[in-house]
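S.K.: Just target_27.pdb, nothing more (PDB, C-alpha atoms):
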```
ATOM      1  CA  MET A   1     -35.597  -3.871   5.067  1.00  0.00           C
ATOM      2  CA  GLU A   2     -35.537  -0.550   6.898  1.00  0.00           C
ATOM      3  CA  PHE A   3     -32.710   1.920   6.339  1.00  0.00           C
ATOM      4  CA  ILE A   4     -31.919   5.638   6.083  1.00  0.00           C
ATOM      5  CA  ALA A   5     -32.683   6.904   2.577  1.00  0.00           C
ATOM      6  CA  ALA A   6     -31.242  10.448   2.726  1.00  0.00           C
ATOM      7  CA  PRO A   7     -28.471  10.947   0.094  1.00  0.00           C
ATOM      8  CA  LEU A   8     -26.634  13.433   2.368  1.00  0.00           C
ATOM      9  CA  PHE A   9     -26.190  10.751   4.997  1.00  0.00           C
ATOM     10  CA  TYR A  10     -24.491   8.363   2.563  1.00  0.00           C
ATOM     11  CA  ALA A  11     -22.365  11.183   1.145  1.00  0.00           C
ATOM     12  CA  LEU A  12     -20.916  11.503   4.647  1.00  0.00           C
ATOM     13  CA  ALA A  13     -21.157   7.887   5.831  1.00  0.00           C
ATOM     14  CA  VAL A  14     -19.360   6.239   2.903  1.00  0.00           C
ATOM     15  CA  PRO A  15     -16.110   8.234   3.301  1.00  0.00           C
ATOM     16  CA  ALA A  16     -16.445   7.857   7.079  1.00  0.00           C
ATOM     17  CA  VAL A  17     -16.555   4.055   6.780  1.00  0.00           C
ATOM     18  CA  ILE A  18     -13.666   4.042   4.291  1.00  0.00           C
ATOM     19  CA  ILE A  19     -11.487   6.099   6.655  1.00  0.00           C
ATOM     20  CA  ALA A  20     -12.447   3.798   9.531  1.00  0.00           C
ATOM     21  CA  GLY A  21     -11.473   0.806   7.397  1.00  0.00           C
ATOM     22  CA  ILE A  22      -8.096   2.333   6.566  1.00  0.00           C
ATOM     23  CA  SER A  23      -7.514   2.938  10.266  1.00  0.00           C
ATOM     24  CA  LYS A  24      -8.607  -0.590  11.177  1.00  0.00           C
ATOM     25  CA  ALA A  25      -6.063  -2.005   8.726  1.00  0.00           C
ATOM     26  CA  GLY A  26      -3.346  -0.568  10.959  1.00  0.00           C
ATOM     27  CA  ILE A  27      -2.443   2.484   8.896  1.00  0.00           C
ATOM     28  CA  GLY A  28      -4.555   5.353  10.194  1.00  0.00           C
ATOM     29  CA  GLY A  29      -3.279   5.607  13.762  1.00  0.00           C
ATOM     30  CA  GLY A  30      -6.756   5.788  15.302  1.00  0.00           C
ATOM     31  CA  LEU A  31      -8.213   7.954  12.552  1.00  0.00           C
ATOM     32  CA  GLY A  32     -11.388   5.884  12.657  1.00  0.00           C
ATOM     33  CA  ILE A  33     -12.427   8.467  15.254  1.00  0.00           C
ATOM     34  CA  VAL A  34     -13.524  10.664  12.329  1.00  0.00           C
ATOM     35  CA  ALA A  35     -16.434   8.359  11.446  1.00  0.00           C
ATOM     36  CA  VAL A  36     -18.937   9.303  14.166  1.00  0.00           C
ATOM     37  CA  PRO A  37     -18.349  13.104  13.976  1.00  0.00           C
ATOM     38  CA  LEU A  38     -18.695  13.005  10.188  1.00  0.00           C
ATOM     39  CA  MET A  39     -21.915  10.963  10.260  1.00  0.00           C
ATOM     40  CA  THR A  40     -23.260  13.190  13.052  1.00  0.00           C
ATOM     41  CA  LEU A  41     -23.467  16.067  10.579  1.00  0.00           C
ATOM     42  CA  ALA A  42     -26.447  14.239   9.031  1.00  0.00           C
ATOM     43  CA  ILE A  43     -27.991  12.275  11.941  1.00  0.00           C
ATOM     44  CA  SER A  44     -27.936  12.263  15.732  1.00  0.00           C
ATOM     45  CA  PRO A  45     -24.648  11.195  17.381  1.00  0.00           C
ATOM     46  CA  VAL A  46     -26.392   8.351  19.209  1.00  0.00           C
ATOM     47  CA  GLN A  47     -27.760   6.914  15.964  1.00  0.00           C
ATOM     48  CA  ALA A  48     -24.407   7.417  14.204  1.00  0.00           C
ATOM     49  CA  ALA A  49     -22.623   5.404  16.892  1.00  0.00           C
ATOM     50  CA  ALA A  50     -25.280   2.682  16.742  1.00  0.00           C
ATOM     51  CA  ILE A  51     -25.057   2.334  12.948  1.00  0.00           C
ATOM     52  CA  LEU A  52     -21.268   2.266  13.025  1.00  0.00           C
ATOM     53  CA  LEU A  53     -20.908  -0.415  15.723  1.00  0.00           C
ATOM     54  CA  PRO A  54     -21.916  -3.450  13.584  1.00  0.00           C
ATOM     55  CA  ILE A  55     -19.681  -2.106  10.809  1.00  0.00           C
ATOM     56  CA  LEU A  56     -16.728  -1.895  13.198  1.00  0.00           C
ATOM     57  CA  CYS A  57     -17.442  -5.444  14.345  1.00  0.00           C
ATOM     58  CA  LEU A  58     -17.310  -6.578  10.713  1.00  0.00           C
ATOM     59  CA  MET A  59     -14.021  -4.744  10.222  1.00  0.00           C
ATOM     60  CA  ASP A  60     -12.644  -6.422  13.331  1.00  0.00           C
ATOM     61  CA  LEU A  61     -13.064  -9.825  11.675  1.00  0.00           C
ATOM     62  CA  PHE A  62     -10.791  -8.730   8.823  1.00  0.00           C
ATOM     63  CA  GLY A  63      -8.288  -7.329  11.313  1.00  0.00           C
ATOM     64  CA  LEU A  64      -8.287 -10.429  13.508  1.00  0.00           C
ATOM     65  CA  TYR A  65      -7.549 -12.587  10.477  1.00  0.00           C
ATOM     66  CA  ALA A  66      -4.804 -10.292   9.167  1.00  0.00           C
ATOM     67  CA  TYR A  67      -3.039 -10.024  12.560  1.00  0.00           C
ATOM     68  CA  ARG A  68      -3.925 -13.395  14.059  1.00  0.00           C
ATOM     69  CA  GLY A  69      -1.525 -14.596  16.757  1.00  0.00           C
ATOM     70  CA  THR A  70       0.469 -11.353  16.887  1.00  0.00           C
ATOM     71  CA  TRP A  71      -0.857  -9.803  20.096  1.00  0.00           C
ATOM     72  CA  ASP A  72       0.806  -9.242  23.471  1.00  0.00           C
ATOM     73  CA  ARG A  73      -0.885 -11.506  26.017  1.00  0.00           C
ATOM     74  CA  ARG A  74       0.139  -9.604  29.173  1.00  0.00           C
ATOM     75  CA  ASN A  75      -1.172  -6.292  27.870  1.00  0.00           C
ATOM     76  CA  ILE A  76      -4.454  -7.836  26.783  1.00  0.00           C
ATOM     77  CA  VAL A  77      -4.971  -9.453  30.204  1.00  0.00           C
ATOM     78  CA  LEU A  78      -4.289  -6.112  31.913  1.00  0.00           C
ATOM     79  CA  MET A  79      -6.396  -3.964  29.589  1.00  0.00           C
ATOM     80  CA  LEU A  80      -9.618  -5.902  29.116  1.00  0.00           C
ATOM     81  CA  PRO A  81     -10.917  -5.619  32.730  1.00  0.00           C
ATOM     82  CA  GLY A  82     -10.353  -1.852  32.665  1.00  0.00           C
ATOM     83  CA  ALA A  83     -12.118  -1.576  29.312  1.00  0.00           C
ATOM     84  CA  LEU A  84     -15.112  -3.470  30.697  1.00  0.00           C
ATOM     85  CA  VAL A  85     -15.426  -0.956  33.555  1.00  0.00           C
ATOM     86  CA  GLY A  86     -15.248   1.933  31.072  1.00  0.00           C
ATOM     87  CA  ILE A  87     -17.949   0.373  28.904  1.00  0.00           C
ATOM     88  CA  VAL A  88     -20.239  -0.113  31.908  1.00  0.00           C
ATOM     89  CA  VAL A  89     -19.749   3.516  33.000  1.00  0.00           C
ATOM     90  CA  GLY A  90     -20.440   4.694  29.463  1.00  0.00           C
ATOM     91  CA  ALA A  91     -23.585   2.579  29.237  1.00  0.00           C
ATOM     92  CA  LEU A  92     -24.920   3.835  32.574  1.00  0.00           C
ATOM     93  CA  ALA A  93     -24.272   7.468  31.620  1.00  0.00           C
ATOM     94  CA  PHE A  94     -25.468   7.154  28.029  1.00  0.00           C
ATOM     95  CA  ARG A  95     -29.174   6.853  28.775  1.00  0.00           C
ATOM     96  CA  TYR A  96     -29.098  10.167  30.670  1.00  0.00           C
ATOM     97  CA  LEU A  97     -27.240  12.188  28.023  1.00  0.00           C
ATOM     98  CA  SER A  98     -29.171  14.313  25.530  1.00  0.00           C
ATOM     99  CA  ASP A  99     -28.158  14.463  21.871  1.00  0.00           C
ATOM    100  CA  ASP A 100     -26.707  17.936  22.430  1.00  0.00           C
ATOM    101  CA  VAL A 101     -24.524  16.740  25.308  1.00  0.00           C
ATOM    102  CA  VAL A 102     -23.323  13.813  23.194  1.00  0.00           C
ATOM    103  CA  ARG A 103     -22.578  16.220  20.318  1.00  0.00           C
ATOM    104  CA  LEU A 104     -20.504  18.306  22.725  1.00  0.00           C
ATOM    105  CA  ILE A 105     -18.632  15.223  23.952  1.00  0.00           C
ATOM    106  CA  VAL A 106     -17.998  13.907  20.432  1.00  0.00           C
ATOM    107  CA  GLY A 107     -16.845  17.320  19.191  1.00  0.00           C
ATOM    108  CA  THR A 108     -14.528  17.771  22.161  1.00  0.00           C
ATOM    109  CA  VAL A 109     -13.048  14.285  21.715  1.00  0.00           C
ATOM    110  CA  ALA A 110     -12.507  15.037  18.006  1.00  0.00           C
ATOM    111  CA  LEU A 111     -10.587  18.238  18.707  1.00  0.00           C
ATOM    112  CA  ALA A 112      -8.671  16.589  21.557  1.00  0.00           C
ATOM    113  CA  PHE A 113      -7.584  13.849  19.158  1.00  0.00           C
ATOM    114  CA  VAL A 114      -6.276  16.402  16.646  1.00  0.00           C
ATOM    115  CA  LEU A 115      -4.369  18.169  19.428  1.00  0.00           C
ATOM    116  CA  TYR A 116      -3.044  14.841  20.669  1.00  0.00           C
ATOM    117  CA  ARG A 117      -1.779  13.898  17.211  1.00  0.00           C
ATOM    118  CA  VAL A 118      -0.148  17.327  16.771  1.00  0.00           C
ATOM    119  CA  VAL A 119       1.707  17.514  20.098  1.00  0.00           C
ATOM    120  CA  GLY A 120       1.358  13.958  21.363  1.00  0.00           C
ATOM    121  CA  ASP A 121       4.101  12.528  19.156  1.00  0.00           C
ATOM    122  CA  VAL A 122       6.665  14.746  20.890  1.00  0.00           C
ATOM    123  CA  ILE A 123       5.462  13.647  24.327  1.00  0.00           C
ATOM    124  CA  LEU A 124       5.403   9.993  23.333  1.00  0.00           C
ATOM    125  CA  ARG A 125       8.895  10.159  21.848  1.00  0.00           C
ATOM    126  CA  ARG A 126      10.206  11.524  25.122  1.00  0.00           C
ATOM    127  CA  ALA A 127       8.329   8.870  27.067  1.00  0.00           C
ATOM    128  CA  SER A 128       9.764   6.213  24.768  1.00  0.00           C
ATOM    129  CA  ALA A 129      13.339   7.290  25.482  1.00  0.00           C
ATOM    130  CA  GLN A 130      13.137   4.883  28.425  1.00  0.00           C
ATOM    131  CA  PRO A 131      10.865   2.066  27.227  1.00  0.00           C
ATOM    132  CA  ARG A 132       8.173   1.003  29.663  1.00  0.00           C
ATOM    133  CA  THR A 133       6.707  -2.419  30.201  1.00  0.00           C
ATOM    134  CA  ALA A 134       3.121  -3.560  30.623  1.00  0.00           C
ATOM    135  CA  GLY A 135       1.762  -2.580  34.023  1.00  0.00           C
ATOM    136  CA  PRO A 136      -1.342  -1.794  36.118  1.00  0.00           C
ATOM    137  CA  ARG A 137      -1.636   1.677  34.568  1.00  0.00           C
ATOM    138  CA  GLY A 138      -2.947  -0.175  31.521  1.00  0.00           C
ATOM    139  CA  MET A 139      -6.228  -0.720  33.377  1.00  0.00           C
ATOM    140  CA  PHE A 140      -6.704   3.043  33.802  1.00  0.00           C
ATOM    141  CA  TRP A 141      -6.007   3.870  30.152  1.00  0.00           C
ATOM    142  CA  ALA A 142      -8.128   0.931  29.031  1.00  0.00           C
ATOM    143  CA  GLY A 143     -10.995   2.136  31.222  1.00  0.00           C
ATOM    144  CA  LEU A 144     -10.813   5.589  29.649  1.00  0.00           C
ATOM    145  CA  SER A 145     -10.631   3.925  26.253  1.00  0.00           C
ATOM    146  CA  GLY A 146     -13.700   1.799  27.003  1.00  0.00           C
ATOM    147  CA  PHE A 147     -15.699   4.905  27.946  1.00  0.00           C
ATOM    148  CA  THR A 148     -14.722   7.026  24.917  1.00  0.00           C
ATOM    149  CA  SER A 149     -15.164   4.000  22.680  1.00  0.00           C
ATOM    150  CA  PHE A 150     -18.687   3.443  23.982  1.00  0.00           C
ATOM    151  CA  VAL A 151     -19.762   7.065  23.510  1.00  0.00           C
ATOM    152  CA  ALA A 152     -18.085   7.850  20.187  1.00  0.00           C
ATOM    153  CA  HIS A 153     -16.021   4.814  19.062  1.00  0.00           C
ATOM    154  CA  ALA A 154     -12.988   6.925  19.943  1.00  0.00           C
ATOM    155  CA  GLY A 155     -11.013   4.595  22.177  1.00  0.00           C
ATOM    156  CA  ALA A 156      -7.674   4.564  20.325  1.00  0.00           C
ATOM    157  CA  PRO A 157      -5.892   7.616  21.835  1.00  0.00           C
ATOM    158  CA  PRO A 158      -5.903   6.427  25.497  1.00  0.00           C
ATOM    159  CA  ILE A 159      -4.603   2.992  24.495  1.00  0.00           C
ATOM    160  CA  GLN A 160      -1.919   4.561  22.302  1.00  0.00           C
ATOM    161  CA  VAL A 161      -0.737   6.619  25.275  1.00  0.00           C
ATOM    162  CA  TYR A 162      -0.267   3.361  27.182  1.00  0.00           C
ATOM    163  CA  LEU A 163       1.083   1.059  24.451  1.00  0.00           C
ATOM    164  CA  LEU A 164       3.365   3.270  22.350  1.00  0.00           C
ATOM    165  CA  PRO A 165       5.946   3.984  25.091  1.00  0.00           C
ATOM    166  CA  GLN A 166       6.499   0.222  25.340  1.00  0.00           C
ATOM    167  CA  ARG A 167       8.154   0.342  21.898  1.00  0.00           C
ATOM    168  CA  MET A 168       6.912  -3.115  20.990  1.00  0.00           C
ATOM    169  CA  ASP A 169       7.274  -4.627  17.531  1.00  0.00           C
ATOM    170  CA  LYS A 170       4.976  -2.819  15.066  1.00  0.00           C
ATOM    171  CA  THR A 171       3.117  -5.973  14.066  1.00  0.00           C
ATOM    172  CA  VAL A 172       2.601  -6.984  17.709  1.00  0.00           C
ATOM    173  CA  TYR A 173       1.407  -3.454  18.495  1.00  0.00           C
ATOM    174  CA  VAL A 174      -1.178  -3.489  15.693  1.00  0.00           C
ATOM    175  CA  GLY A 175      -2.222  -7.039  16.587  1.00  0.00           C
ATOM    176  CA  THR A 176      -2.700  -6.072  20.241  1.00  0.00           C
ATOM    177  CA  MET A 177      -4.764  -3.032  19.273  1.00  0.00           C
ATOM    178  CA  THR A 178      -6.822  -5.156  16.872  1.00  0.00           C
ATOM    179  CA  LEU A 179      -7.655  -7.851  19.424  1.00  0.00           C
ATOM    180  CA  PHE A 180      -8.371  -5.303  22.163  1.00  0.00           C
ATOM    181  CA  PHE A 181     -10.850  -3.294  20.102  1.00  0.00           C
ATOM    182  CA  ALA A 182     -12.473  -6.405  18.680  1.00  0.00           C
ATOM    183  CA  ALA A 183     -13.203  -7.513  22.259  1.00  0.00           C
ATOM    184  CA  VAL A 184     -14.397  -4.001  23.170  1.00  0.00           C
ATOM    185  CA  ASN A 185     -16.674  -3.635  20.142  1.00  0.00           C
ATOM    186  CA  TYR A 186     -18.311  -7.039  20.486  1.00  0.00           C
ATOM    187  CA  THR A 187     -18.849  -6.384  24.205  1.00  0.00           C
ATOM    188  CA  LYS A 188     -20.499  -3.049  23.353  1.00  0.00           C
ATOM    189  CA  LEU A 189     -23.148  -4.882  21.331  1.00  0.00           C
ATOM    190  CA  ILE A 190     -24.778  -6.009  24.592  1.00  0.00           C
ATOM    191  CA  PRO A 191     -25.416  -2.571  26.172  1.00  0.00           C
ATOM    192  CA  TYR A 192     -26.191  -1.030  22.779  1.00  0.00           C
ATOM    193  CA  GLY A 193     -28.870  -3.682  22.329  1.00  0.00           C
ATOM    194  CA  LEU A 194     -30.245  -3.158  25.840  1.00  0.00           C
ATOM    195  CA  LEU A 195     -30.420   0.594  25.173  1.00  0.00           C
ATOM    196  CA  GLY A 196     -32.486  -0.064  22.036  1.00  0.00           C
ATOM    197  CA  GLN A 197     -29.865   1.272  19.636  1.00  0.00           C
ATOM    198  CA  LEU A 198     -29.679  -1.842  17.450  1.00  0.00           C
ATOM    199  CA  SER A 199     -33.041  -1.161  15.840  1.00  0.00           C
ATOM    200  CA  ALA A 200     -34.142  -2.525  12.463  1.00  0.00           C
ATOM    201  CA  ASN A 201     -33.514   0.886  10.878  1.00  0.00           C
ATOM    202  CA  ASN A 202     -29.999   1.185  12.282  1.00  0.00           C
ATOM    203  CA  LEU A 203     -29.060  -2.407  11.435  1.00  0.00           C
ATOM    204  CA  GLY A 204     -30.517  -2.043   7.940  1.00  0.00           C
ATOM    205  CA  THR A 205     -28.480   1.106   7.366  1.00  0.00           C
ATOM    206  CA  ALA A 206     -25.351  -0.653   8.635  1.00  0.00           C
ATOM    207  CA  LEU A 207     -26.045  -3.460   6.151  1.00  0.00           C
ATOM    208  CA  MET A 208     -26.305  -0.910   3.338  1.00  0.00           C
ATOM    209  CA  LEU A 209     -22.841   0.396   4.255  1.00  0.00           C
ATOM    210  CA  ALA A 210     -21.266  -3.044   4.740  1.00  0.00           C
ATOM    211  CA  PRO A 211     -20.062  -3.393   1.101  1.00  0.00           C
ATOM    212  CA  VAL A 212     -17.830  -0.345   1.687  1.00  0.00           C
ATOM    213  CA  VAL A 213     -15.909  -2.129   4.464  1.00  0.00           C
ATOM    214  CA  PRO A 214     -13.612  -4.248   2.232  1.00  0.00           C
ATOM    215  CA  ILE A 215     -12.719  -1.113   0.251  1.00  0.00           C
ATOM    216  CA  GLY A 216     -11.475   0.663   3.366  1.00  0.00           C
ATOM    217  CA  ILE A 217      -9.580  -2.404   4.582  1.00  0.00           C
ATOM    218  CA  TRP A 218      -7.989  -2.910   1.152  1.00  0.00           C
ATOM    219  CA  LEU A 219      -6.971   0.757   0.936  1.00  0.00           C
ATOM    220  CA  GLY A 220      -5.441   0.509   4.402  1.00  0.00           C
ATOM    221  CA  LEU A 221      -3.396  -2.572   3.503  1.00  0.00           C
ATOM    222  CA  ARG A 222      -2.265  -0.962   0.216  1.00  0.00           C
ATOM    223  CA  PHE A 223      -2.031   2.548   1.621  1.00  0.00           C
ATOM    224  CA  HIS A 224       1.620   3.309   0.943  1.00  0.00           C
ATOM    225  CA  ARG A 225       1.219   2.516  -2.759  1.00  0.00           C
ATOM    226  CA  MET A 226      -1.756   4.774  -3.358  1.00  0.00           C
ATOM    227  CA  LEU A 227      -1.548   7.969  -1.322  1.00  0.00           C
ATOM    228  CA  SER A 228       0.887  10.107   0.618  1.00  0.00           C
ATOM    229  CA  GLU A 229       0.453   9.380   4.328  1.00  0.00           C
ATOM    230  CA  ALA A 230       1.209  13.028   5.171  1.00  0.00           C
ATOM    231  CA  LEU A 231      -1.477  14.236   2.743  1.00  0.00           C
ATOM    232  CA  PHE A 232      -3.987  11.721   4.107  1.00  0.00           C
ATOM    233  CA  TYR A 233      -3.385  12.903   7.669  1.00  0.00           C
ATOM    234  CA  ARG A 234      -3.721  16.566   6.723  1.00  0.00           C
ATOM    235  CA  VAL A 235      -7.022  15.950   4.931  1.00  0.00           C
ATOM    236  CA  VAL A 236      -8.494  13.858   7.755  1.00  0.00           C
ATOM    237  CA  PHE A 237      -7.286  16.243  10.468  1.00  0.00           C
ATOM    238  CA  GLY A 238      -8.877  19.115   8.552  1.00  0.00           C
ATOM    239  CA  ILE A 239     -12.178  17.254   8.315  1.00  0.00           C
ATOM    240  CA  LEU A 240     -12.017  16.274  11.975  1.00  0.00           C
ATOM    241  CA  THR A 241     -11.260  19.821  13.133  1.00  0.00           C
ATOM    242  CA  LEU A 242     -14.135  21.341  11.168  1.00  0.00           C
ATOM    243  CA  THR A 243     -16.639  18.679  12.207  1.00  0.00           C
ATOM    244  CA  GLY A 244     -15.483  18.893  15.837  1.00  0.00           C
ATOM    245  CA  LEU A 245     -15.997  22.652  15.912  1.00  0.00           C
ATOM    246  CA  ARG A 246     -19.380  22.262  14.213  1.00  0.00           C
ATOM    247  CA  LEU A 247     -20.549  19.665  16.739  1.00  0.00           C
ATOM    248  CA  ILE A 248     -19.389  21.715  19.726  1.00  0.00           C
ATOM    249  CA  TRP A 249     -21.180  24.784  18.373  1.00  0.00           C
ATOM    250  CA  LYS A 250     -24.359  22.824  17.670  1.00  0.00           C
ATOM    251  CA  GLY A 251     -24.246  21.080  21.044  1.00  0.00           C
ATOM    252  CA  LEU A 252     -23.755  24.325  22.985  1.00  0.00           C
ATOM    253  CA  ASP A 253     -26.435  26.090  20.946  1.00  0.00           C
ATOM    254  CA  GLY A 254     -28.905  23.291  21.680  1.00  0.00           C
ATOM    255  CA  MET A 255     -28.079  23.215  25.388  1.00  0.00           C
ATOM    256  CA  ILE A 256     -28.300  26.990  25.805  1.00  0.00           C
ATOM    257  CA  GLY A 257     -31.309  27.370  23.537  1.00  0.00           C
ATOM    258  CA  GLY A 258     -33.062  24.439  25.238  1.00  0.00           C
TER
END
```
As a first step, turn the structure in this file into structure tokens.
M.R.:
Amino acid sequence: MEFIAAPLFYALAVPAVIIAGISKAGIGGGLGIVAVPLMTLAISPVQAAAILLPILCLMDLFGLYAYRGTWDRRNIVLMLPGALVGIVVGALAFRYLSDDVVRLIVGTVALAFVLYRVVGDVILRRASAQPRTAGPRGMFWAGLSGFTSFVAHAGAPPIQVYLLPQRMDKTVYVGTMTLFFAAVNYTKLIPYGLLGQLSANNLGTALMLAPVVPIGIWLGLRFHRMLSEALFYRVVFGILTLTGLRLIWKGLDGMIGG
């Protein structure tokens, strides 16, 4: 079996997968976005995204079981076509993007997510003062989510902007997010395969990381008993900010130097 052997990669990938698992369990508020930037410190962003995709698909199975039957049908019907368009656009653009451009995109998305989480709660609270219902705008946000999810597995923020103002039941909200991203991730397997990203080396490395998945899911489901949520957010936001800045610097340096 082929796989990455570098210890530095696993030192970064294991915590990245654990954080993604915590987020997938419905606790991290989209913090799974940290996984690709963190892994990109050791390998190329394209390879990091490719290794992480099968792992996310495995996590989705846990999530679908935990939140089975708790999703909002109207939102799902509205969002999935938009997500498909975003995935197609991402796939068409992906083959023409260099590693440095992808690093720049991933770093920018990482910093944008931190900014969104810092100031976005205020904006969303104001938007939620008059609860909205599912509507056509969901296709736009889902399309943006499909694109950012394809490039960096960072599709949560656009969907949160659309879903949170609806003030739906928490369990229904998490269930809707879970089903949506399960559909998105399994759809992404097709273009990732066509682009040659699901190589034996990448799949073997994903298999090496698979045993970490249940740990992240378990921590997410038991989160409130084990760690302060505020402390967890501060630590992850700190990691995400530093890795985002590092990726932007490295991407710009490569583009200018190249």
S.K.: Could you name the residues that touch segment 249-252 of chain A at 8 Å or less, counting only C-alpha atoms, but leaving out those on the same chain fewer than 3 positions away, as a list in words?
M.R.: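 Here the qualifying residues turn out to be Asp99, Asp100, Val101, Val102, Arg103, Leu104, Leu245, Arg246, Met255 and Ile256 of chain A.
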S.K.: Using all atoms listed in the file, which of A:Ile87, A:Tyr67, A:Val172, A:Asp60 sits nearest Pro191 of chain A?
M.R.: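 Distance minimum relative to Pro191 of chain A lands on A:Ile87.
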S.K.: Find, counting only C-alpha atoms, the residue in A:Leu78, A:Val85, A:Leu164, A:Val109 that gets nearest to Arg137 of chain A.
M.R.: A:Leu78
S.K.: At a cut-off of 6 Å, using only C-alpha atoms, what residues contact Phe150 of chain A? Leave out same-chain residues fewer than 2 positions from it and give the result as a PDB file with C-alpha atoms, in the frame of the given file.
M.R.:
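Below you can see result.pdb, which holds the result:
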```
ATOM      1  CA  ILE A  87     -17.949   0.373  28.904  1.00  0.00           C
ATOM      2  CA  GLY A  90     -20.440   4.694  29.463  1.00  0.00           C
ATOM      3  CA  PHE A 147     -15.699   4.905  27.946  1.00  0.00           C
ATOM      4  CA  THR A 148     -14.722   7.026  24.917  1.00  0.00           C
ATOM      5  CA  ALA A 152     -18.085   7.850  20.187  1.00  0.00           C
ATOM      6  CA  HIS A 153     -16.021   4.814  19.062  1.00  0.00           C
TER       7      HIS A 153
END
```
S.K.: As a check of understanding, name the residues that the PyMOL selection byres ((chain A and resi 2-5) around 7) selects in the supplied structure, as a PDB file with C-alpha atoms, keeping the file's coordinate frame.
M.R.:
```pdb
ATOM      1  CA  MET A   1     -35.597  -3.871   5.067  1.00  0.00           C
ATOM      2  CA  ALA A   6     -31.242  10.448   2.726  1.00  0.00           C
ATOM      3  CA  PRO A   7     -28.471  10.947   0.094  1.00  0.00           C
ATOM      4  CA  ALA A 200     -34.142  -2.525  12.463  1.00  0.00           C
ATOM      5  CA  ASN A 201     -33.514   0.886  10.878  1.00  0.00           C
ATOM      6  CA  ASN A 202     -29.999   1.185  12.282  1.00  0.00           C
ATOM      7  CA  GLY A 204     -30.517  -2.043   7.940  1.00  0.00           C
ATOM      8  CA  THR A 205     -28.480   1.106   7.366  1.00  0.00           C
TER       9      THR A 205
END
```
S.K.: Record the distance separating atom CA of Val119 of chain A and atom CA of Ile159 of chain A, expressed in Å with one decimal.
M.R.: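 Taking atom CA of Val119 of chain A and atom CA of Ile159 of chain A, their separation equals 16.4 Å.
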S.K.: Would you mind reading off the distance between atom CA of Pro158 of chain A and atom CA of Trp141 of chain A, one decimal, in Å?
M.R.: 5.3 Å
S.K.: Taking only C-alpha atoms into account, name the residue in A:Val106, A:Ala182, A:Ile18, A:Leu38 that is nearest to Ile76 of chain A.
M.R.: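 Distance minimum relative to Ile76 of chain A lands on A:Ala182.
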S.K.: State, in Å with one decimal place, the distance from atom CA of Val174 of chain A to atom CA of Gly82 of chain A.
M.R.: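 For atom CA of Val174 of chain A relative to atom CA of Gly82 of chain A, the distance reads 19.4 Å.
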S.K.: For Leu84 of chain A, find every residue with an atom within 8 Å (counting all atoms listed in the file), except residues of its own chain fewer than 2 positions away, and show them as a PDB file with C-alpha atoms, in the frame of the given file.
M.R.:
```pdb
ATOM      1  CA  LEU A  80      -9.618  -5.902  29.116  1.00  0.00           C
ATOM      2  CA  PRO A  81     -10.917  -5.619  32.730  1.00  0.00           C
ATOM      3  CA  GLY A  82     -10.353  -1.852  32.665  1.00  0.00           C
ATOM      4  CA  GLY A  86     -15.248   1.933  31.072  1.00  0.00           C
ATOM      5  CA  ILE A  87     -17.949   0.373  28.904  1.00  0.00           C
ATOM      6  CA  VAL A  88     -20.239  -0.113  31.908  1.00  0.00           C
ATOM      7  CA  GLY A 143     -10.995   2.136  31.222  1.00  0.00           C
ATOM      8  CA  GLY A 146     -13.700   1.799  27.003  1.00  0.00           C
ATOM      9  CA  VAL A 184     -14.397  -4.001  23.170  1.00  0.00           C
TER      10      VAL A 184
END
```
S.K.: Using all atoms listed in the file for the distances, tell me which of A:Ala156, A:Val77, A:Cys57, A:Ile248 is nearest to Ile33 of chain A.
M.R.: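 Answer, going by the shortest atom-to-atom distance: A:Ala156.
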S.K.: So, with all atoms listed in the file as the atoms that count, which of A:Tyr65, A:Pro37, A:Leu56, A:Arg222 lies closest to Leu111 of chain A?
M.R.: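 Closest residue, counting all atoms listed in the file: A:Pro37.
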S.K.: For Lys24 of chain A, find every residue with an atom within 10 Å (counting all atoms listed in the file), except residues of its own chain fewer than 2 positions away, and show them as an MDAnalysis selection string.
M.R.: chainID A and resid 18:22 26:32 56 59:60 62:63 174 177:178 181 216:217 220:221
S.K.: Residues of segment 126-213 of chain A that approach segment 41-50 of chain A to 10 Å or less, counting all atoms listed in the file: could you list each one with the shortest pair of atoms and its distance in Å to one decimal, rows by chain and increasing residue number, as JSON lines?
M.R.:
```
{"residue": "A:Ser149", "atom": "CA", "partner": "A:Ala49", "partner_atom": "CA", "distance": 9.5}
{"residue": "A:Phe150", "atom": "CA", "partner": "A:Ala49", "partner_atom": "CA", "distance": 8.3}
{"residue": "A:Val151", "atom": "CA", "partner": "A:Ala49", "partner_atom": "CA", "distance": 7.4}
{"residue": "A:Ala152", "atom": "CA", "partner": "A:Ala49", "partner_atom": "CA", "distance": 6.1}
{"residue": "A:His153", "atom": "CA", "partner": "A:Ala49", "partner_atom": "CA", "distance": 7.0}
{"residue": "A:Lys188", "atom": "CA", "partner": "A:Ala50", "partner_atom": "CA", "distance": 10.0}
{"residue": "A:Leu189", "atom": "CA", "partner": "A:Ala50", "partner_atom": "CA", "distance": 9.1}
{"residue": "A:Tyr192", "atom": "CA", "partner": "A:Ala50", "partner_atom": "CA", "distance": 7.1}
{"residue": "A:Gly193", "atom": "CA", "partner": "A:Ala50", "partner_atom": "CA", "distance": 9.2}
{"residue": "A:Gly196", "atom": "CA", "partner": "A:Ala50", "partner_atom": "CA", "distance": 9.4}
{"residue": "A:Gln197", "atom": "CA", "partner": "A:Ala50", "partner_atom": "CA", "distance": 5.6}
{"residue": "A:Leu198", "atom": "CA", "partner": "A:Ala50", "partner_atom": "CA", "distance": 6.3}
{"residue": "A:Ser199", "atom": "CA", "partner": "A:Ala50", "partner_atom": "CA", "distance": 8.7}
{"residue": "A:Asn201", "atom": "CA", "partner": "A:Gln47", "partner_atom": "CA", "distance": 9.8}
{"residue": "A:Asn202", "atom": "CA", "partner": "A:Ala50", "partner_atom": "CA", "distance": 6.7}
{"residue": "A:Leu203", "atom": "CA", "partner": "A:Ala50", "partner_atom": "CA", "distance": 8.3}
{"residue": "A:Ala206", "atom": "CA", "partner": "A:Ala50", "partner_atom": "CA", "distance": 8.8}
```
